[in-house]
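K.L.:
Sharing a structure below in structure tokens format, with a few things to ask.
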Amino acid sequence: MKIISIIGARPQFIKLYPLSKELRKLHNEIVVHTGQHYDDELSRIFFDELRLPKPDHNLGVGSFSHGRQTGLMLKKIEEVLLAEKPGLVIVFGDTNSTLAGALAASKLHTKLAHIEAGLRSFKMSMPEEINRVLTDHVSDLLFCPTPTAVRNLGTEGIKEGIHLVGDVMLESLKHFLPIAEKRSKVIEKLDLVPEEYYLLTIHRAENTDIENNLNKILTNISKLDKIIVFPVHPRTVSRIDELGLTGCIGPKLKLIKPVSYLDMLVLEKHASVIMTDSGGVQKEAYWLGVPCLVLRDETEWVEMLTEYRNRLLNIQTEEITQVISTLSKTAPHKDNGLNGEGASARISRIIEGTISN
Ligand code: UD1
Ligand code: UDP
């Protein structure tokens, strides 16, 4: 069967890796890159380092307002689907590329599979929540990473096509961590001492677009006792400039360009604590057994919240220095088989057993 995988943003390149390998054993996979992320550090570096299949179509959409960006993608994806006539379209996660792919496929009555279905923050003001709810409601196959995701879909009245398969991102982590530990020189390059630094990433609208929130994050985190390594998403760089917040960045907060996946895994593994609003980074912290402060009021990854591991932190009301002192590092999470191991093979088998026949 001809399958089109639609990707466009950094985490989707990482999710594509294990699934693509499985799909290609049985199917003809065509990769469409919407061009939502286009900087080398957010896109090309992943294709090179992970040896991802080169996109068959690069739509070159770029950055715009949500409506314009999603609309441009929708138009261009539809053209590709009309030309390629796939038997199935696969979309990943919760970005505008996900929603555009889902709308284009469903309007053409092409079967649609959603990887990471059923996740909910229950906060419709998040662009990601809109994208994932709408995508789930037009999907034929809903591949859920967690039991909570399965329950969420049931609550919304979705009855068919739901499969608990585990997490493709854990497969990527397990495959690439040993390679990263051999190849990455990031600790030496940044002159870091393992366990003696914190790692920070922020890019969510709620943390970067509201001046008071971004100000508090930068100011409070700058007060911590160790170096804070901060690979900055370009969106956050722009907001710091536009909002005139460079003065909030203290000497311990080390801003660096976004790093490659291998460097990121090594930075995560040896961090004393990770602070993030990223979906992918909070999962990786959990799997690596590194304490993580999720800089949000809620998370879709509720299974991972525990007192000493992943913990929500409201930067407006809580004192970060006190919270950090209560966290401790534990052994890496032992996955129970449904958390990720074999997720891609499971997905591929389900596709084979349902859509292909
Ligand atoms: C997007 C996703 C978010 C995901 C994140 C992963 C949506 C609504 N958001 O957020 O769910 O967690 O990707 O990283 O789809 N920019 C560049 N270079 C690039 C790409 C973006 O400079 O290559 C800048 C532009 O100023 C752009 C801004 O970043 O306006 C935001 O980019 P966009 O893709 O719209 O959203 P992200 O914040 O990256
Ligand atoms: N990541 C990376 N380099 C960075 C920051 C993140 O390789 O500088 C990886 C990270 O390890 C994870 C994924 O990108 O696998 C998470 O993407 P992001 O935080 O952009 O998006 P989200 O997961 O929140 O949608």
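Ligands are numbered from 1 in the order shown, chains are lettered A, B, ... in the order of the structure tokens, and residues start at 1 in each chain.
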Residues of stretch 237-269 of chain A that have any atom at most 12 Å from an atom of stretch 25-44 of chain A: could you tabulate them with the shortest-distance atom pair and the distance in Å to one decimal, using only C-alpha atoms, ordered by chain and increasing number, as a Markdown table?

P.N.:
```
| residue | atom | partner | partner_atom | distance |
| --- | --- | --- | --- | --- |
| A:Ile256 | CA | A:Glu41 | CA | 11.3 |
| A:Lys257 | CA | A:Glu41 | CA | 7.7 |
| A:Pro258 | CA | A:Glu41 | CA | 6.0 |
| A:Val259 | CA | A:Glu41 | CA | 6.7 |
| A:Ser260 | CA | A:Glu41 | CA | 7.0 |
| A:Tyr261 | CA | A:Leu42 | CA | 9.9 |
| A:Asp263 | CA | A:Glu41 | CA | 11.9 |
| A:Met264 | CA | A:Glu41 | CA | 12.0 |
```

K.L.:
Taking only C-alpha atoms and all ligand atoms into account, which residues are within 9 Å of ligand 2, as a PyMOL selection string?

P.N.:
chain A and resi 9-15+41-42+46+93-95+128+169+172-173+201-204+230-233+256-265+268+276-284

K.L.:
Looking at A:Arg183, A:Lys252, A:Lys329, A:Arg309, which one is nearest to A:Glu49, with distances taken over only C-alpha atoms?

P.N.:
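Answer, going by the shortest atom-to-atom distance: A:Arg183.
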
K.L.:
Using only C-alpha atoms, which of the listed residues (A:Leu327, A:Val91, A:Leu295, A:Leu243) sits closest to A:Asn131?

P.N.:
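Of all the options, A:Val91 lies closest to A:Asn131.
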
K.L.:
A:Gly247: which residues within 10 Å, counting only C-alpha atoms, same-chain residues fewer than 4 positions away excluded, as a PDB file with N, CA, C and O atoms, in the first residue's frame?

P.N.:
```
ATOM      1  N   ASN A 215       9.165  36.727  31.544  1.00  0.00           N
ATOM      2  CA  ASN A 215      10.021  37.493  32.469  1.00  0.00           C
ATOM      3  C   ASN A 215      10.286  36.691  33.741  1.00  0.00           C
ATOM      4  O   ASN A 215      11.431  36.516  34.164  1.00  0.00           O
ATOM      5  N   LEU A 218      12.594  33.565  33.106  1.00  0.00           N
ATOM      6  CA  LEU A 218      14.011  33.912  32.920  1.00  0.00           C
ATOM      7  C   LEU A 218      14.622  34.424  34.228  1.00  0.00           C
ATOM      8  O   LEU A 218      15.728  34.033  34.614  1.00  0.00           O
ATOM      9  N   THR A 219      13.881  35.267  34.933  1.00  0.00           N
ATOM     10  CA  THR A 219      14.413  35.875  36.160  1.00  0.00           C
ATOM     11  C   THR A 219      14.605  34.821  37.248  1.00  0.00           C
ATOM     12  O   THR A 219      15.671  34.727  37.861  1.00  0.00           O
ATOM     13  N   ILE A 240      12.050  37.055  23.355  1.00  0.00           N
ATOM     14  CA  ILE A 240      12.948  37.719  24.316  1.00  0.00           C
ATOM     15  C   ILE A 240      13.354  39.076  23.748  1.00  0.00           C
ATOM     16  O   ILE A 240      13.344  40.095  24.449  1.00  0.00           O
TER      17      ILE A 240
END
```

K.L.:
Smallest atom-to-atom distance to ligand 1: which of A:Val266, A:Met275, A:Ala331, A:Ile45, using only C-alpha atoms and all ligand atoms?

P.N.:
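Among A:Val266, A:Met275, A:Ala331, A:Ile45, it is A:Ile45 that comes nearest to ligand 1.
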
K.L.:
What does the structure give for the distance between atom CA of A:Gly154 and atom CA of A:Ile347, in Å to one decimal?

P.N.:
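Between atom CA of A:Gly154 and atom CA of A:Ile347 the gap is 19.6 Å.
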
K.L.:
As a count of residues only, please: every residue in stretch 67-237 of chain A that DSSP puts in strand (DSSP E or B).

P.N.:
26

K.L.:
Atom CA of A:Val168 and atom 24 (C, counted along the ligand's line) of ligand 1 are how many Å apart?

P.N.:
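That distance, rounded to one decimal, is 25.7 Å.
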